[in-house]
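Q: A single structure is presented below for examination.
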Amino acid sequence: MSPAPEQASPEAPPRNWRLLPAAGPHGGDGARVAAALGITDVLDLSASMNPVAPDPRPVVARHLDALGRYPDAGPATAALAGAMGVELDRLLLTNGGAEAIALVAAETGPGWADACDFSLYRRHLPGLDAAGPRWRSDPHSPLGTLAAPEVTAEVWDEAFYPMATGRWTAGRGGFALGSLTKLLACPGLRVGYVLCPDGEVRERLAARQPRWGVNGLACAALADLLAPVDLPGWSAAIAGLRTELTDALRAAGLQVRPGATANWVLVDGAPDLRSRLAPHGVVVRDCTSFGLPGTHRVAVPSAGQLPRLAAGLQASAPQASHRPPSRPVPPATRAGGSDGGTSPGALR
């Protein structure tokens with residue numbers, strides 16, 4: 001008989017803490033870590049969600065009747081276009097930001113994305129061509145910095161842009177990709193979008209999209225999920241929480257990289273931070289496999305979650321006598337064609 005799961009505690013690690021799995025190719029592996037360690041819950045700061053978004057579950061629960069009919073993305077697309085203030089005929093709702101990337105890559109053909117940017121660009125591009133369309137994330141993933149005004153691209157991934165700036169889009173022309181998964185803190189619902197250069201391009205992308213590609217719950221609930229969105233207020237709140245997170249990390253003796261504008265920060269010079277924190281119920285993103293050895297990404301927690309992170313940091317500090325001995329985290333498989341090297345990698 002398997003042992004009963006333990007309640008995660010910042011004071012004492014679970015008995016089987018040595019079973020910590022290696023970091024995966026993306027963030028959001030809190031449930032996998034909890035299952036491996038046999039603990040009931042973790043604070044998952046390996047995936048960068050909006051820490052001030054309302055709980056989406058009560059809203060989605062009101063639309064469970066959508067499970068009994070085929071999805072209709074029309075009303076949800078209109079609701080999003082209205083919220084963003086963009087032309088309806090340019091906007092395509094997608095099954096998460098990942099499908100948005102895949103659809104646009106098929107449309108633009110071979111192009112260029114730096115190895116130090118989000119790995120799904122290179123995964124879905126049919127070929128790498130430095131003379132082809134340029135792909136960039138803004139804020140940069142994983143560095144968390146906003147693009148300078150002089151930086152150009154044909155495809156902009158603005159998954160985290162609303163949280164960094166308080167605006168839906170920079171309006172730079174070309175393609176703008178978005179991820180409501182991040183903004184609304186609903187990674188399991190899978191909602192993204194493409195803002196296309198014009199309606200004709202949008203129709204071509206829609207023709208490539210599988211029929212009923214956006215699930216019924218997302219289509220039915222999106223208008224209600226968008227109703228409380230307050231981008232300027234959320235962006236300001238996230239900036240304040242990011243400052244509190246930075247203060248907590250530095251108080252624990254950790255080196256936080258300056259310049260972040262996104263809903264996460266990078267911690268340098270702490271190669272064992274993930275393996276130290278996970279046994280205490282906190283999961284962060286190890287960036288070793290993306291060309292940032294010794295660096296971790298830590299998502300901005302909510303105000304209610306910050307004390308748990310602080311307790312985990314204190315319990316996992318090197319001077320804590322009850323801390324389990326640290327061990328190197330095995331490198332994860334490189335994703336998206338990244339050459340690793342010394343360049344920073346891409347993650348979500």
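Simple scheme: letters A, B, ... for chains in structure tokens order, numbers from 1 for residues in each chain, numbers from 1 for ligands in the order shown.
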Please provide as a PyMOL selection string all residues within 8 Å of range 297-306 of chain A, with the sequence filter that same-chain residues fewer than 3 positions apart are discarded (counting only C-alpha atoms).
A: chain A and resi 43+45-49+51-52+142+238+241-242+245+263-267+284-287+309-310
Q: Using only C-alpha atoms, please write the residues we just selected to a file, as a PDB file, in the first residue's frame.
A:
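The new file again-v4.pdb reads:
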ATOM      1  CA  LEU A  43       3.117  26.692  -4.176  1.00  0.00           C
ATOM      2  CA  LEU A  45       5.969  29.563  -8.855  1.00  0.00           C
ATOM      3  CA  SER A  46       7.461  27.809 -11.874  1.00  0.00           C
ATOM      4  CA  ALA A  47       4.593  29.027 -14.095  1.00  0.00           C
ATOM      5  CA  SER A  48       4.092  32.775 -14.421  1.00  0.00           C
ATOM      6  CA  MET A  49       0.385  33.435 -13.973  1.00  0.00           C
ATOM      7  CA  PRO A  51      -1.168  36.731  -9.221  1.00  0.00           C
ATOM      8  CA  VAL A  52      -4.046  39.224  -8.872  1.00  0.00           C
ATOM      9  CA  PRO A 142      12.853  34.582 -19.860  1.00  0.00           C
ATOM     10  CA  ILE A 238       1.895  43.182  -9.932  1.00  0.00           C
ATOM     11  CA  LEU A 241       4.131  42.464  -5.516  1.00  0.00           C
ATOM     12  CA  ARG A 242       7.254  42.085  -7.649  1.00  0.00           C
ATOM     13  CA  LEU A 245       9.124  39.361  -3.937  1.00  0.00           C
ATOM     14  CA  ASN A 263       5.295  38.974 -13.477  1.00  0.00           C
ATOM     15  CA  TRP A 264       8.452  37.083 -12.531  1.00  0.00           C
ATOM     16  CA  VAL A 265      12.061  37.738 -11.543  1.00  0.00           C
ATOM     17  CA  LEU A 266      15.286  35.873 -12.209  1.00  0.00           C
ATOM     18  CA  VAL A 267      17.526  34.678  -9.396  1.00  0.00           C
ATOM     19  CA  VAL A 284      10.472  27.472  -9.013  1.00  0.00           C
ATOM     20  CA  ARG A 285      11.679  27.265 -12.609  1.00  0.00           C
ATOM     21  CA  ASP A 286      15.215  25.957 -13.136  1.00  0.00           C
ATOM     22  CA  CYS A 287      16.669  27.678 -16.221  1.00  0.00           C
ATOM     23  CA  LEU A 309       7.527  31.511  -0.009  1.00  0.00           C
ATOM     24  CA  ALA A 310       9.349  33.438   2.722  1.00  0.00           C
TER      25      ALA A 310
END
Q: Write out as a ChimeraX atom specification each polymer residue whose atoms come within 7 Å of Thr261 in chain A, counting only C-alpha atoms; drop sequence neighbours fewer than 5 positions from it.
A: /A:144-146,164
Q: Running DSSP on the backbone, which parts of range 168-288 of chain A land in strand (DSSP E), as a PyMOL selection string?
A: chain A and resi 175-179+192-195+255-256+264-268+282-283+285-286
Q: Which residues, written as an mmCIF file with N, CA and C atoms, in the first residue's frame, have at least one atom at most 12 Å from Ala148 in chain A, with only C-alpha atoms counted and residues fewer than 5 positions away on the same chain left out?
A:
data_model
loop_
_atom_site.group_PDB
_atom_site.id
_atom_site.type_symbol
_atom_site.label_atom_id
_atom_site.label_comp_id
_atom_site.auth_asym_id
_atom_site.auth_seq_id
_atom_site.Cartn_x
_atom_site.Cartn_y
_atom_site.Cartn_z
ATOM 1 N N ARG A 136 9.737 37.777 -31.728
ATOM 2 C CA ARG A 136 10.240 38.241 -30.430
ATOM 3 C C ARG A 136 9.128 38.169 -29.390
ATOM 4 N N SER A 137 9.525 37.927 -28.166
ATOM 5 C CA SER A 137 8.587 38.033 -27.045
ATOM 6 C C SER A 137 8.787 39.382 -26.373
ATOM 7 N N ASP A 138 7.688 39.930 -25.845
ATOM 8 C CA ASP A 138 7.750 41.218 -25.165
ATOM 9 C C ASP A 138 6.683 41.254 -24.070
ATOM 10 N N PRO A 139 7.096 41.269 -22.797
ATOM 11 C CA PRO A 139 8.459 41.232 -22.278
ATOM 12 C C PRO A 139 9.202 39.959 -22.701
ATOM 13 N N HIS A 140 10.507 40.097 -22.733
ATOM 14 C CA HIS A 140 11.329 38.974 -23.156
ATOM 15 C C HIS A 140 11.168 37.801 -22.205
ATOM 16 N N ALA A 153 10.141 43.612 -35.197
ATOM 17 C CA ALA A 153 9.820 42.210 -35.464
ATOM 18 C C ALA A 153 8.545 42.171 -36.296
ATOM 19 N N ALA A 170 0.876 46.653 -27.918
ATOM 20 C CA ALA A 170 1.684 47.822 -28.267
ATOM 21 C C ALA A 170 1.260 48.415 -29.602
#
Q: I need the residue nearest Arg190 in chain A from this list: A:Leu120, A:Leu217, A:Leu37, A:Met84. Use only C-alpha atoms for the distance.
A: A:Leu217
Q: Residues at most 8 Å from Ala185 in chain A, counting only C-alpha atoms, excluding those fewer than 4 positions away in the same chain, as a list in words?
A: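 The contact residues come out as Met49, Asn50, Pro51, Ala53, Asp55, Pro56, Leu180 and Thr181 of chain A.
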Q: Considering only C-alpha atoms, return as a PDB file with C-alpha atoms, in the first residue's frame whatever protein or nucleic-acid residues lie within 12 Å of Glu87 in chain A, sequence-local ones (same chain, fewer than 3 positions apart) excluded.
A:
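Output contents, as saved in part.pdb:
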ATOM      1  CA  THR A  77     -14.163  36.567 -30.010  1.00  0.00           C
ATOM      2  CA  ALA A  78     -16.476  39.575 -30.100  1.00  0.00           C
ATOM      3  CA  ALA A  79     -16.159  39.989 -26.333  1.00  0.00           C
ATOM      4  CA  LEU A  80     -12.365  39.928 -26.540  1.00  0.00           C
ATOM      5  CA  ALA A  81     -12.263  42.346 -29.487  1.00  0.00           C
ATOM      6  CA  GLY A  82     -14.431  44.749 -27.490  1.00  0.00           C
ATOM      7  CA  ALA A  83     -12.219  44.466 -24.421  1.00  0.00           C
ATOM      8  CA  MET A  84      -9.060  45.018 -26.463  1.00  0.00           C
ATOM      9  CA  ARG A  90      -8.465  40.861 -37.341  1.00  0.00           C
ATOM     10  CA  LEU A  91      -8.855  38.741 -34.205  1.00  0.00           C
ATOM     11  CA  LEU A  92      -8.690  34.945 -34.062  1.00  0.00           C
ATOM     12  CA  VAL A 194      -3.799  36.196 -32.784  1.00  0.00           C
ATOM     13  CA  LEU A 195      -4.251  39.827 -33.743  1.00  0.00           C
ATOM     14  CA  CYS A 196      -3.602  39.680 -37.470  1.00  0.00           C
ATOM     15  CA  PRO A 197      -2.416  42.444 -39.824  1.00  0.00           C
ATOM     16  CA  ASP A 198      -5.763  42.373 -41.665  1.00  0.00           C
ATOM     17  CA  GLY A 199      -8.924  40.361 -42.118  1.00  0.00           C
ATOM     18  CA  ARG A 202      -7.076  36.202 -40.279  1.00  0.00           C
TER      19      ARG A 202
END
Q: Between A:Ile101, A:Ala278, A:Val60, A:Leu189, which residue has the minimum interatomic distance to Ala35 in chain A, considering only C-alpha atoms?
A: A:Ala278
Q: Extract the full set of alpha helix (DSSP H) residues from range 7-208 of chain A according to DSSP on the backbone, and format it as number ranges by chain.
A: A: 30-37, 57-61, 73-84, 96-108, 119-124, 161-165, 180-183, 199-208
Q: Hey, which of A:Leu20, A:Ala221, A:Leu226, A:Ala147 ends up closest to Gly259 in chain A? Count only C-alpha atoms.
A: A:Ala147
Q: Point out the residue among A:Val283, A:Val59, A:Ala270, A:Ala227 with the least atom-to-atom distance to Gly253 in chain A, counting only C-alpha atoms.
A: A:Ala270
